[in-house]
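Novice: Take a look at final.csv, CSV, C-alpha atoms and all ligand atoms:
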```csv
chain,number,residue,atom,x,y,z
A,1,MET,CA,14.8,5.0,11.2
A,2,LEU,CA,11.2,3.9,11.5
A,3,LEU,CA,11.4,0.9,9.2
A,4,LYS,CA,14.4,-1.0,8.0
A,5,ILE,CA,14.0,-4.1,5.8
A,6,ASN,CA,17.0,-6.3,5.4
A,7,ARG,CA,17.4,-9.0,2.8
A,8,LEU,CA,13.7,-9.9,2.9
A,9,ARG,CA,12.9,-13.0,0.9
A,10,VAL,CA,9.4,-14.5,0.6
A,11,TYR,CA,8.6,-17.5,-1.4
A,12,PHE,CA,5.7,-19.8,-2.0
A,13,LYS,CA,6.0,-23.5,-2.9
A,14,SER,CA,4.1,-24.5,-6.0
A,15,ALA,CA,3.8,-27.7,-8.0
A,16,ASP,CA,6.2,-26.2,-10.6
A,17,GLY,CA,8.8,-25.0,-8.1
A,18,LEU,CA,9.5,-22.1,-5.8
A,19,VAL,CA,7.8,-18.8,-6.5
A,20,VAL,CA,10.2,-16.2,-5.1
A,21,ALA,CA,7.9,-13.2,-4.7
A,22,THR,CA,10.5,-10.9,-2.9
A,23,ASP,CA,14.2,-11.6,-3.3
A,24,GLY,CA,16.7,-9.9,-1.0
A,25,VAL,CA,14.7,-6.7,-0.6
A,26,ASP,CA,16.5,-3.9,1.4
A,27,LEU,CA,14.4,-0.8,2.1
A,28,GLN,CA,14.3,2.0,4.6
A,29,LEU,CA,11.7,4.4,5.7
A,30,CYS,CA,12.3,7.5,7.9
A,31,PRO,CA,9.6,9.1,10.1
A,32,GLY,CA,7.5,11.5,8.1
A,33,GLU,CA,8.5,10.0,4.8
A,34,ILE,CA,6.3,8.8,2.0
A,35,LEU,CA,7.9,6.0,0.0
A,36,GLY,CA,6.4,4.9,-3.3
A,37,LEU,CA,6.7,1.3,-4.5
A,38,VAL,CA,6.1,0.9,-8.2
A,39,GLY,CA,6.4,-2.0,-10.7
A,40,GLU,CA,4.5,-4.2,-13.0
A,41,THR,CA,1.8,-6.6,-11.9
A,42,GLY,CA,3.2,-9.7,-10.2
A,43,SER,CA,6.5,-8.0,-9.2
A,44,GLY,CA,6.0,-8.6,-5.5
A,45,LYS,CA,4.6,-5.3,-4.2
A,46,THR,CA,1.7,-6.6,-2.3
A,47,VAL,CA,3.7,-9.5,-0.9
A,48,LEU,CA,6.2,-7.0,0.5
A,49,GLY,CA,3.4,-5.0,2.2
A,50,LEU,CA,1.9,-8.2,3.7
A,51,ALA,CA,5.3,-9.2,4.9
A,52,ILE,CA,5.8,-5.9,6.8
A,53,THR,CA,2.4,-6.4,8.5
A,54,CYS,CA,3.0,-10.2,9.0
A,55,LEU,CA,-0.2,-10.9,7.1
A,56,LEU,CA,1.3,-13.3,4.6
A,57,PRO,CA,-0.7,-16.4,3.8
A,58,LYS,CA,0.4,-19.4,5.8
A,59,THR,CA,1.9,-21.0,2.7
A,60,ALA,CA,4.5,-18.2,2.4
A,61,VAL,CA,8.0,-18.7,3.7
A,62,ALA,CA,9.7,-15.5,4.8
A,63,SER,CA,13.3,-14.8,5.9
A,64,GLY,CA,15.4,-11.7,6.5
A,65,GLU,CA,14.4,-8.9,8.8
A,66,VAL,CA,11.6,-6.3,9.0
A,67,LEU,CA,12.9,-4.0,11.7
A,68,TYR,CA,10.2,-1.6,13.0
A,69,ARG,CA,11.7,0.9,15.5
A,70,GLY,CA,14.5,-1.7,15.8
A,71,GLN,CA,12.2,-4.7,16.5
A,72,ASN,CA,12.1,-7.5,14.1
A,73,LEU,CA,8.4,-8.0,13.3
A,74,LEU,CA,9.1,-11.3,11.5
A,75,ALA,CA,10.2,-12.8,14.8
A,76,LEU,CA,7.3,-11.4,16.9
A,77,PRO,CA,4.7,-13.8,18.3
A,78,GLU,CA,1.2,-13.2,16.7
A,79,ASP,CA,-0.3,-11.7,19.9
A,80,GLU,CA,2.5,-9.1,20.1
A,81,MET,CA,2.1,-8.5,16.4
A,82,ARG,CA,-1.6,-7.9,16.7
A,83,LYS,CA,-0.8,-5.0,19.0
A,84,VAL,CA,1.6,-3.5,16.5
A,85,ARG,CA,-0.8,-3.9,13.7
A,86,GLY,CA,-3.5,-1.3,14.0
A,87,ARG,CA,-1.8,0.8,16.7
A,88,GLN,CA,1.6,1.2,15.0
A,89,VAL,CA,1.4,-0.2,11.5
A,90,ALA,CA,-1.8,-0.3,9.4
A,91,MET,CA,-2.4,-1.5,5.9
A,92,ILE,CA,-5.2,-0.9,3.5
A,93,PHE,CA,-5.7,-3.6,0.9
A,94,GLN,CA,-5.8,-3.6,-2.8
A,95,ASN,CA,-9.4,-4.6,-3.0
A,96,PRO,CA,-11.7,-2.6,-0.8
A,97,SER,CA,-14.8,-4.7,-1.4
A,98,SER,CA,-13.2,-7.8,-0.1
A,99,SER,CA,-11.6,-6.2,2.9
A,100,LEU,CA,-14.5,-4.2,4.2
A,101,ASN,CA,-17.0,-6.3,6.2
A,102,PRO,CA,-20.3,-6.3,4.1
A,103,ALA,CA,-22.4,-7.1,7.2
A,104,LEU,CA,-21.3,-4.1,9.4
A,105,SER,CA,-22.0,-0.4,8.8
A,106,ILE,CA,-19.0,1.8,8.1
A,107,GLY,CA,-19.4,3.4,11.5
A,108,GLU,CA,-19.5,0.1,13.3
A,109,GLN,CA,-16.3,-1.0,11.5
A,110,ILE,CA,-14.4,2.1,12.6
A,111,ALA,CA,-15.8,1.9,16.1
A,112,GLU,CA,-14.7,-1.7,16.4
A,113,VAL,CA,-11.1,-0.8,15.6
A,114,LEU,CA,-11.2,2.0,18.1
A,115,ARG,CA,-12.6,-0.3,20.8
A,116,GLU,CA,-10.2,-3.1,20.2
A,117,HIS,CA,-7.0,-1.1,19.8
A,118,ARG,CA,-7.6,2.1,21.7
A,119,GLY,CA,-9.8,0.8,24.4
A,120,LEU,CA,-12.6,3.3,23.8
A,121,LYS,CA,-16.1,2.7,25.2
A,122,ARG,CA,-18.9,2.0,22.8
A,123,LYS,CA,-20.3,5.5,22.9
A,124,GLU,CA,-17.0,7.3,22.7
A,125,ALA,CA,-16.0,5.0,19.8
A,126,ARG,CA,-19.2,5.8,17.9
A,127,GLN,CA,-18.6,9.5,18.3
A,128,ARG,CA,-15.0,9.4,17.3
A,129,ALA,CA,-15.9,7.3,14.3
A,130,GLY,CA,-18.2,10.1,13.1
A,131,GLU,CA,-15.4,12.7,13.6
A,132,LEU,CA,-13.0,10.5,11.7
A,133,LEU,CA,-15.5,10.1,8.8
A,134,GLU,CA,-15.9,13.9,8.6
A,135,LEU,CA,-12.1,14.3,8.5
A,136,THR,CA,-11.8,12.0,5.5
A,137,GLY,CA,-14.6,13.7,3.7
A,138,ILE,CA,-17.5,11.3,4.3
A,139,PRO,CA,-20.5,13.1,5.7
A,140,ALA,CA,-21.1,11.8,9.3
A,141,LYS,CA,-24.7,10.9,8.5
A,142,TRP,CA,-23.3,8.1,6.4
A,143,ILE,CA,-22.0,6.4,9.5
A,144,HIS,CA,-24.9,3.9,9.3
A,145,SER,CA,-24.3,3.0,5.6
A,146,TYR,CA,-23.1,-0.4,4.6
A,147,PRO,CA,-20.2,-0.8,2.2
A,148,HIS,CA,-22.4,-1.8,-0.8
A,149,GLU,CA,-24.3,1.5,-0.4
A,150,LEU,CA,-21.1,3.5,-1.0
A,151,SER,CA,-19.6,4.5,-4.3
A,152,GLY,CA,-16.1,3.2,-5.1
A,153,GLY,CA,-14.5,6.5,-4.1
A,154,MET,CA,-16.4,6.6,-0.8
A,155,ARG,CA,-15.5,3.0,-0.1
A,156,GLN,CA,-11.9,3.8,-0.6
A,157,ARG,CA,-12.2,6.8,1.8
A,158,ALA,CA,-13.9,4.5,4.3
A,159,MET,CA,-11.0,2.0,4.1
A,160,ILE,CA,-8.5,4.9,4.7
A,161,THR,CA,-10.6,6.0,7.7
A,162,ILE,CA,-10.5,2.5,9.2
A,163,GLY,CA,-6.8,2.2,8.5
A,164,LEU,CA,-6.1,5.5,10.3
A,165,ALA,CA,-8.6,5.1,13.2
A,166,CYS,CA,-5.7,4.1,15.5
A,167,ALA,CA,-3.4,6.8,14.3
A,168,PRO,CA,-0.6,4.4,13.1
A,169,SER,CA,2.9,5.7,12.7
A,170,LEU,CA,3.3,3.6,9.5
A,171,PHE,CA,0.5,3.5,7.0
A,172,ILE,CA,0.7,1.0,4.1
A,173,ALA,CA,-1.7,1.8,1.2
A,174,ASP,CA,-1.9,-0.8,-1.5
A,175,GLU,CA,-3.2,0.6,-4.8
A,176,PRO,CA,-5.5,3.2,-3.0
A,177,THR,CA,-6.5,4.8,-6.3
A,178,LYS,CA,-7.0,1.8,-8.5
A,179,GLY,CA,-10.3,1.6,-10.4
A,180,LEU,CA,-11.4,5.1,-9.5
A,181,ASP,CA,-12.1,7.7,-12.1
A,182,VAL,CA,-9.6,10.5,-12.5
A,183,THR,CA,-11.4,13.2,-10.4
A,184,ILE,CA,-12.1,10.8,-7.6
A,185,GLN,CA,-8.4,9.6,-7.8
A,186,ALA,CA,-7.3,13.2,-7.3
A,187,GLN,CA,-9.5,13.5,-4.3
A,188,VAL,CA,-8.1,10.3,-2.8
A,189,VAL,CA,-4.5,11.5,-3.4
A,190,GLU,CA,-5.4,14.7,-1.7
A,191,LEU,CA,-6.9,12.8,1.2
A,192,LEU,CA,-3.8,10.6,1.5
A,193,HIS,CA,-1.6,13.7,1.6
A,194,ALA,CA,-3.8,15.3,4.2
A,195,VAL,CA,-3.8,12.3,6.5
A,196,THR,CA,-0.1,11.9,6.4
A,197,LYS,CA,1.9,15.1,5.9
A,198,GLY,CA,-1.0,17.3,6.8
A,199,ALA,CA,-2.2,15.5,9.9
A,200,ASP,CA,1.0,14.2,11.5
A,201,PRO,CA,4.4,15.2,10.2
A,202,GLN,CA,5.9,12.1,11.8
A,203,ARG,CA,3.6,9.7,10.1
A,204,SER,CA,5.2,7.6,7.3
A,205,MET,CA,3.5,5.9,4.4
A,206,LEU,CA,4.4,3.1,2.0
A,207,LEU,CA,2.4,3.8,-1.1
A,208,ILE,CA,2.1,0.8,-3.4
A,209,THR,CA,0.8,1.9,-6.8
A,210,HIS,CA,0.9,1.2,-10.5
A,211,ASP,CA,0.2,4.8,-11.2
A,212,LEU,CA,3.4,6.9,-11.7
A,213,GLY,CA,1.4,10.1,-11.6
A,214,VAL,CA,0.1,9.3,-8.1
A,215,ALA,CA,3.7,8.3,-7.1
A,216,ALA,CA,5.0,11.6,-8.4
A,217,ALA,CA,2.3,13.6,-6.6
A,218,LEU,CA,2.7,12.0,-3.2
A,219,THR,CA,6.0,10.4,-2.6
A,220,ASP,CA,9.3,11.6,-1.3
A,221,ARG,CA,11.2,8.6,-2.3
A,222,LEU,CA,10.6,5.9,-4.9
A,223,ALA,CA,11.5,2.3,-5.1
A,224,VAL,CA,11.1,0.4,-8.4
A,225,MET,CA,10.4,-3.3,-8.1
A,226,TYR,CA,11.1,-5.9,-10.9
A,227,ALA,CA,10.6,-9.6,-10.4
A,228,GLY,CA,10.9,-9.5,-6.6
A,229,LYS,CA,13.9,-7.2,-6.5
A,230,ILE,CA,14.2,-3.4,-5.9
A,231,ILE,CA,16.1,-2.5,-9.0
A,232,GLU,CA,16.3,1.3,-8.4
A,233,GLN,CA,15.5,3.6,-5.5
A,234,GLY,CA,16.1,7.2,-4.6
A,235,PRO,CA,14.4,10.5,-4.1
A,236,THR,CA,11.3,10.6,-6.3
A,237,VAL,CA,12.4,13.8,-8.1
A,238,GLU,CA,15.8,12.4,-8.8
A,239,VAL,CA,14.4,9.0,-10.1
A,240,PHE,CA,11.9,10.8,-12.4
A,241,ARG,CA,14.5,13.3,-13.7
A,242,ASN,CA,17.4,10.9,-14.0
A,243,PRO,CA,16.3,7.3,-14.1
A,244,ARG,CA,19.3,5.0,-14.2
A,245,HIS,CA,17.9,1.5,-14.7
A,246,PRO,CA,16.7,0.6,-18.2
A,247,TYR,CA,13.5,-0.8,-16.6
A,248,THR,CA,12.8,2.4,-14.8
A,249,ARG,CA,13.3,4.3,-18.0
A,250,ALA,CA,10.9,2.0,-19.8
A,251,LEU,CA,8.4,2.3,-17.0
A,252,LEU,CA,8.5,6.1,-17.2
A,253,ASN,CA,8.1,5.9,-21.0
A,254,SER,CA,5.0,3.8,-20.5
A,255,HIS,CA,3.3,6.6,-18.7
A,256,PRO,CA,0.4,8.2,-20.7
A,257,SER,CA,2.0,11.6,-20.4
A,258,ASN,CA,5.0,10.2,-22.2
A,259,GLY,CA,3.1,8.6,-25.0
A,260,LEU,CA,2.3,5.3,-23.4
A,261,MET,CA,5.1,3.1,-24.8
A,262,ALA,CA,4.5,-0.3,-23.3
A,263,VAL,CA,7.6,-1.9,-21.7
A,264,GLN,CA,8.7,-4.4,-24.4
A,265,GLY,CA,8.5,-8.1,-23.7
A,266,PHE,CA,6.8,-10.0,-21.0
A,267,SER,CA,7.1,-10.1,-17.2
A,268,PRO,CA,9.2,-13.1,-16.3
A,269,SER,CA,7.7,-16.1,-14.4
A,270,LEU,CA,8.9,-15.9,-10.8
A,271,ILE,CA,9.5,-19.6,-10.8
A,272,ASN,CA,12.2,-19.8,-13.4
A,273,LEU,CA,13.8,-16.4,-13.4
A,274,PRO,CA,16.4,-15.9,-16.1
A,275,PRO,CA,20.0,-16.1,-14.8
A,276,GLY,CA,22.0,-12.9,-14.2
A,277,CYS,CA,19.9,-9.8,-14.2
A,278,SER,CA,16.2,-10.8,-14.4
A,279,PHE,CA,15.5,-7.9,-16.8
A,280,HIS,CA,18.2,-8.8,-19.4
A,281,PRO,CA,15.9,-10.6,-21.9
A,282,ARG,CA,13.9,-7.4,-22.2
A,283,CYS,CA,16.8,-5.0,-22.0
A,284,GLN,CA,18.2,-3.4,-25.2
A,285,LYS,CA,21.5,-2.7,-23.4
A,286,ALA,CA,22.1,-6.2,-22.1
A,287,ARG,CA,25.7,-7.5,-22.5
A,288,LYS,CA,27.1,-10.9,-21.8
A,289,ARG,CA,27.8,-10.2,-18.2
A,290,CYS,CA,24.1,-9.3,-17.6
A,291,THR,CA,23.1,-12.8,-18.6
A,292,GLN,CA,25.5,-14.4,-16.1
A,293,ASP,CA,25.8,-12.4,-12.9
A,294,PRO,CA,23.0,-10.8,-10.9
A,295,PRO,CA,24.0,-7.1,-10.4
A,296,SER,CA,24.2,-5.9,-6.9
A,297,ALA,CA,23.0,-2.5,-5.8
A,298,LYS,CA,25.3,0.3,-6.8
A,299,ARG,CA,25.2,3.8,-5.2
A,300,MET,CA,24.7,6.6,-7.8
A,301,GLY,CA,24.5,9.5,-5.4
A,302,SER,CA,24.1,10.0,-1.7
A,303,ASP,CA,20.7,8.4,-1.8
A,304,HIS,CA,20.2,6.8,-5.2
A,305,GLU,CA,20.8,3.1,-5.8
A,306,VAL,CA,20.6,1.0,-9.0
A,307,ARG,CA,21.0,-2.7,-9.8
A,308,CYS,CA,22.5,-2.5,-13.2
A,309,PHE,CA,25.9,-3.1,-14.7
A,310,ASN,CA,25.4,-0.4,-17.3
A,311,ALA,CA,24.2,2.4,-15.0
B,1,LIG,N1,-0.8,-16.9,-1.9
B,1,LIG,C1,0.1,-17.1,-2.9
B,1,LIG,N2,0.5,-18.3,-3.3
B,1,LIG,C2,1.3,-18.4,-4.4
B,1,LIG,N3,1.9,-17.4,-5.0
B,1,LIG,C3,1.5,-16.2,-4.6
B,1,LIG,C4,0.6,-15.9,-3.6
B,1,LIG,N4,0.5,-14.6,-3.4
B,1,LIG,C5,1.2,-14.0,-4.4
B,1,LIG,N5,1.9,-14.9,-5.1
B,1,LIG,C6,2.8,-14.7,-6.2
B,1,LIG,O1,3.8,-13.8,-5.8
B,1,LIG,C7,4.1,-12.9,-6.8
B,1,LIG,C8,4.0,-11.4,-6.4
B,1,LIG,O2,2.6,-11.2,-6.2
B,1,LIG,P1,2.1,-9.8,-5.7
B,1,LIG,O3,0.7,-9.9,-5.4
B,1,LIG,O4,3.0,-9.3,-4.6
B,1,LIG,O5,2.3,-8.8,-7.0
B,1,LIG,P2,2.0,-7.3,-7.1
B,1,LIG,O6,3.3,-6.6,-7.5
B,1,LIG,O7,1.3,-6.8,-5.9
B,1,LIG,O8,1.1,-7.3,-8.4
B,1,LIG,P3,-0.2,-6.3,-8.7
B,1,LIG,O9,0.4,-5.1,-9.2
B,1,LIG,O10,-0.9,-7.1,-9.8
B,1,LIG,O11,-1.0,-6.2,-7.5
B,1,LIG,C9,3.2,-13.2,-8.0
B,1,LIG,O12,4.0,-14.0,-8.9
B,1,LIG,C10,2.1,-14.0,-7.3
B,1,LIG,O13,1.7,-15.0,-8.2
B,2,MG,MG,-0.6,-6.1,-5.6
```
Now, as a test, write the supplied structure out as structure tokens.
Specialist:
Amino acid sequence: MLLKINRLRVYFKSADGLVVATDGVDLQLCPGEILGLVGETGSGKTVLGLAITCLLPKTAVASGEVLYRGQNLLALPEDEMRKVRGRQVAMIFQNPSSSLNPALSIGEQIAEVLREHRGLKRKEARQRAGELLELTGIPAKWIHSYPHELSGGMRQRAMITIGLACAPSLFIADEPTKGLDVTIQAQVVELLHAVTKGADPQRSMLLITHDLGVAAALTDRLAVMYAGKIIEQGPTVEVFRNPRHPYTRALLNSHPSNGLMAVQGFSPSLINLPPGCSFHPRCQKARKRCTQDPPSAKRMGSDHEVRCFNA
């Protein structure tokens, strides 16, 4: 097992109460596996990614375990964690314009990572940066370009290149295709496939996305998040073919290829979650019990889990 997350809970204190962004998350990731994480806006996907890389804002309170090759990253001192980050676990963020450095050329940013984490000399780093850019489909002559000179798709490629510069075993990509037009999206999906399965069969990826089409195209397993909890997880094919949680069904129905039926009702506030199953106010199958007890994860097959009394 490369990554094993146990009972991960992350909350923020706010004037109105605790915002519980992830609530008892259990997840596993094997070497070479691509795990998709889907769910509505505000369900806790980015917070989960940040918790794995220990990049949560200082105001967040995290408990539980994030075991990476058996080592609990949540308990690691920051200087140790800095070594893990970059060399072992890399994350690319939801908003490329805010995470690329506007004052450095793309080449310099890649070279910087290589110097810091791989100990390459200046000249070697620059040469390797050019090679990496070519690998991700950016012509090497663009090595001197600044982020603002690149198109959205190229910026996303540049982010992926920087994330992969140290050849991490675990790559976390947060909404890598968001805001790109469809053809460019397809290219980025292809690139992500090439840099994981194609480049290193042992490399794992956690792919956070709103886009079920992207999840279907890339992932081996799928986890569906709702209001801070994983409410269903299993092999992607299985979850798509046989979704067991009413929320997963609604989410699949909301996909354009299925006629874009929006999931009824509103996402709950994470401050005052409804008692019982958080989804019950929006669920057509809700019974009395759903309004009282939170359902625990139930096994539906060897590798398919659902948190629903009705599944
Ligand atoms: N720094 C913070 N302070 C307070 N609350 C926060 C902070 N960061 C995130 N949250 C809250 O945690 C919850 C989960 O946020 P998160 O960004 O993980 O959602 P998400 O699933 O990534 O959404 P999206 O799909 O829009 O990216 C939200 O309710 C959000 O308001
Ligand atoms: Mg997010």
Novice: Could I get the residue neighbourhood of ligand MG 2 (chain B) at 8 Å, counting all atoms listed in the file, as a list in words?
Specialist: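 Final answer, ordered by chain and number: Thr41, Gly42, Gly44, Lys45, Thr46, Val47, Gln94, Asp174, Glu175 and Ile208 of chain A.
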Novice: Which neighbours of stretch 1-18 of chain A fall inside 6 Å, counting only C-alpha atoms, when residues of the same chain fewer than 4 positions from it are skipped, and could you give them as a list in words?
Specialist: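 The contact residues come out as Thr22, Asp23, Gly24, Val25, Asp26, Leu27, Gln28, Leu29, Cys30, Pro31, Ala60, Val61, Ala62, Ser63, Gly64, Glu65, Val66, Leu67, Tyr68, Arg69 and Ile271 of chain A.
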Novice: For the atom pair atom CA of A:Ser204 and atom CA of A:Leu48, what is the interatomic distance in Å to one decimal place?
Specialist: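 Taking atom CA of A:Ser204 and atom CA of A:Leu48, their separation equals 16.1 Å.
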Novice: Determine, counting only C-alpha atoms, which protein, DNA and RNA residues have an atom within 10 Å of an atom of A:Cys54; residues of the same chain fewer than 2 positions away are not included. Present the result as a list in words.
Specialist: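 The contact residues come out as Val47, Leu48, Gly49, Leu50, Ala51, Ile52, Leu56, Pro57, Ala62, Val66, Leu73, Leu74, Ala75, Leu76, Glu78, Met81, Arg82 and Arg85 of chain A.
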Novice: Using all atoms listed in the file, find the one residue out of A:Pro235, A:Ala217, A:Leu270, A:Ile138 that sits nearest to ligand LIG 1 (chain B).
Specialist: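 Under the stated criterion, the closest residue is A:Leu270.
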Novice: Residues at most 10 Å from A:Phe240, counting all atoms listed in the file, excluding those fewer than 4 positions away in the same chain, as a PyMOL selection string?
Specialist: chain A and resi 212+216+222+234-236+244+248-249+252
Novice: Extract, using only C-alpha atoms, all DNA, RNA and protein residues at most 12 Å from A:Gly107, discarding same-chain residues fewer than 2 positions from it, and format them as a PyMOL selection string.
Specialist: chain A and resi 100-101+103-105+109-114+122-123+125-134+138-147+158-159+161-162+165
Novice: Skipping near chain neighbours, those fewer than 2 positions away, what residues fall within 12 Å of A:Asn95 using all atoms listed in the file, listed as a ChimeraX atom specification?
Specialist: /A:46,91-93,97-100,152,155-156,159,173-180
Novice: What is the atom CA of A:Asp220 to atom CA of A:Glu232 distance in Å?
Specialist: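 It comes out at 14.3 Å.
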Novice: Rounded to one decimal, what separation in Å do you get between atom CA of A:Glu190 and atom CA of A:Phe171?
Specialist: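 Computed distance, atom CA of A:Glu190 to atom CA of A:Phe171, equals 15.4 Å.
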Novice: Considering only C-alpha atoms and all ligand atoms, can you say which of A:Arg157, A:His210, A:Arg289, A:Arg87 comes closest to ligand LIG 1 (chain B)?
Specialist: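 Smallest distance to ligand LIG 1 (chain B) is found for A:His210.
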Novice: Can you take the partial stretch 169-193 of chain A, add N, CA and C atoms, and return it as a PDB file, in the coordinates of the input?
Specialist:
```pdb
ATOM      1  N   SER A 169       1.749   4.937  13.099  1.00  0.00           N
ATOM      2  CA  SER A 169       2.900   5.700  12.700  1.00  0.00           C
ATOM      3  C   SER A 169       3.310   5.324  11.239  1.00  0.00           C
ATOM      4  N   LEU A 170       2.970   4.088  10.853  1.00  0.00           N
ATOM      5  CA  LEU A 170       3.300   3.600   9.500  1.00  0.00           C
ATOM      6  C   LEU A 170       1.988   3.164   8.828  1.00  0.00           C
ATOM      7  N   PHE A 171       1.700   3.764   7.703  1.00  0.00           N
ATOM      8  CA  PHE A 171       0.500   3.500   7.000  1.00  0.00           C
ATOM      9  C   PHE A 171       0.862   2.865   5.642  1.00  0.00           C
ATOM     10  N   ILE A 172       0.380   1.661   5.359  1.00  0.00           N
ATOM     11  CA  ILE A 172       0.700   1.000   4.100  1.00  0.00           C
ATOM     12  C   ILE A 172      -0.565   1.020   3.241  1.00  0.00           C
ATOM     13  N   ALA A 173      -0.508   1.677   2.102  1.00  0.00           N
ATOM     14  CA  ALA A 173      -1.700   1.800   1.200  1.00  0.00           C
ATOM     15  C   ALA A 173      -1.392   1.034  -0.057  1.00  0.00           C
ATOM     16  N   ASP A 174      -2.142  -0.036  -0.327  1.00  0.00           N
ATOM     17  CA  ASP A 174      -1.900  -0.800  -1.500  1.00  0.00           C
ATOM     18  C   ASP A 174      -2.904  -0.426  -2.610  1.00  0.00           C
ATOM     19  N   GLU A 175      -2.409   0.207  -3.639  1.00  0.00           N
ATOM     20  CA  GLU A 175      -3.200   0.600  -4.800  1.00  0.00           C
ATOM     21  C   GLU A 175      -4.481   1.409  -4.336  1.00  0.00           C
ATOM     22  N   PRO A 176      -4.316   2.471  -3.550  1.00  0.00           N
ATOM     23  CA  PRO A 176      -5.500   3.200  -3.000  1.00  0.00           C
ATOM     24  C   PRO A 176      -6.314   3.872  -4.093  1.00  0.00           C
ATOM     25  N   THR A 177      -5.767   4.066  -5.274  1.00  0.00           N
ATOM     26  CA  THR A 177      -6.500   4.800  -6.300  1.00  0.00           C
ATOM     27  C   THR A 177      -6.949   3.955  -7.464  1.00  0.00           C
ATOM     28  N   LYS A 178      -6.701   2.652  -7.342  1.00  0.00           N
ATOM     29  CA  LYS A 178      -7.000   1.800  -8.500  1.00  0.00           C
ATOM     30  C   LYS A 178      -8.499   1.692  -8.736  1.00  0.00           C
ATOM     31  N   GLY A 179      -8.860   1.752 -10.007  1.00  0.00           N
ATOM     32  CA  GLY A 179     -10.300   1.600 -10.400  1.00  0.00           C
ATOM     33  C   GLY A 179     -11.143   2.780 -10.150  1.00  0.00           C
ATOM     34  N   LEU A 180     -10.558   3.880  -9.698  1.00  0.00           N
ATOM     35  CA  LEU A 180     -11.400   5.100  -9.500  1.00  0.00           C
ATOM     36  C   LEU A 180     -11.237   5.992 -10.684  1.00  0.00           C
ATOM     37  N   ASP A 181     -12.296   6.776 -10.988  1.00  0.00           N
ATOM     38  CA  ASP A 181     -12.100   7.700 -12.100  1.00  0.00           C
ATOM     39  C   ASP A 181     -11.241   8.868 -11.717  1.00  0.00           C
ATOM     40  N   VAL A 182     -10.743   9.577 -12.717  1.00  0.00           N
ATOM     41  CA  VAL A 182      -9.600  10.500 -12.500  1.00  0.00           C
ATOM     42  C   VAL A 182      -9.901  11.564 -11.426  1.00  0.00           C
ATOM     43  N   THR A 183     -11.110  12.155 -11.439  1.00  0.00           N
ATOM     44  CA  THR A 183     -11.400  13.200 -10.400  1.00  0.00           C
ATOM     45  C   THR A 183     -11.400  12.620  -9.033  1.00  0.00           C
ATOM     46  N   ILE A 184     -11.990  11.422  -8.899  1.00  0.00           N
ATOM     47  CA  ILE A 184     -12.100  10.800  -7.600  1.00  0.00           C
ATOM     48  C   ILE A 184     -10.640  10.393  -7.142  1.00  0.00           C
ATOM     49  N   GLN A 185      -9.846   9.908  -8.094  1.00  0.00           N
ATOM     50  CA  GLN A 185      -8.400   9.600  -7.800  1.00  0.00           C
ATOM     51  C   GLN A 185      -7.741  10.785  -7.195  1.00  0.00           C
ATOM     52  N   ALA A 186      -7.945  11.938  -7.825  1.00  0.00           N
ATOM     53  CA  ALA A 186      -7.300  13.200  -7.300  1.00  0.00           C
ATOM     54  C   ALA A 186      -7.714  13.457  -5.912  1.00  0.00           C
ATOM     55  N   GLN A 187      -9.000  13.231  -5.628  1.00  0.00           N
ATOM     56  CA  GLN A 187      -9.500  13.500  -4.300  1.00  0.00           C
ATOM     57  C   GLN A 187      -8.841  12.534  -3.260  1.00  0.00           C
ATOM     58  N   VAL A 188      -8.705  11.271  -3.665  1.00  0.00           N
ATOM     59  CA  VAL A 188      -8.100  10.300  -2.800  1.00  0.00           C
ATOM     60  C   VAL A 188      -6.618  10.627  -2.524  1.00  0.00           C
ATOM     61  N   VAL A 189      -5.940  11.071  -3.588  1.00  0.00           N
ATOM     62  CA  VAL A 189      -4.500  11.500  -3.400  1.00  0.00           C
ATOM     63  C   VAL A 189      -4.442  12.646  -2.448  1.00  0.00           C
ATOM     64  N   GLU A 190      -5.354  13.601  -2.597  1.00  0.00           N
ATOM     65  CA  GLU A 190      -5.400  14.700  -1.700  1.00  0.00           C
ATOM     66  C   GLU A 190      -5.612  14.301  -0.246  1.00  0.00           C
ATOM     67  N   LEU A 191      -6.540  13.365  -0.117  1.00  0.00           N
ATOM     68  CA  LEU A 191      -6.900  12.800   1.200  1.00  0.00           C
ATOM     69  C   LEU A 191      -5.634  12.147   1.821  1.00  0.00           C
ATOM     70  N   LEU A 192      -4.957  11.328   1.025  1.00  0.00           N
ATOM     71  CA  LEU A 192      -3.800  10.600   1.500  1.00  0.00           C
ATOM     72  C   LEU A 192      -2.709  11.608   1.981  1.00  0.00           C
ATOM     73  N   HIS A 193      -2.569  12.679   1.218  1.00  0.00           N
ATOM     74  CA  HIS A 193      -1.600  13.700   1.600  1.00  0.00           C
ATOM     75  C   HIS A 193      -2.025  14.347   2.923  1.00  0.00           C
TER      76      HIS A 193
END
```
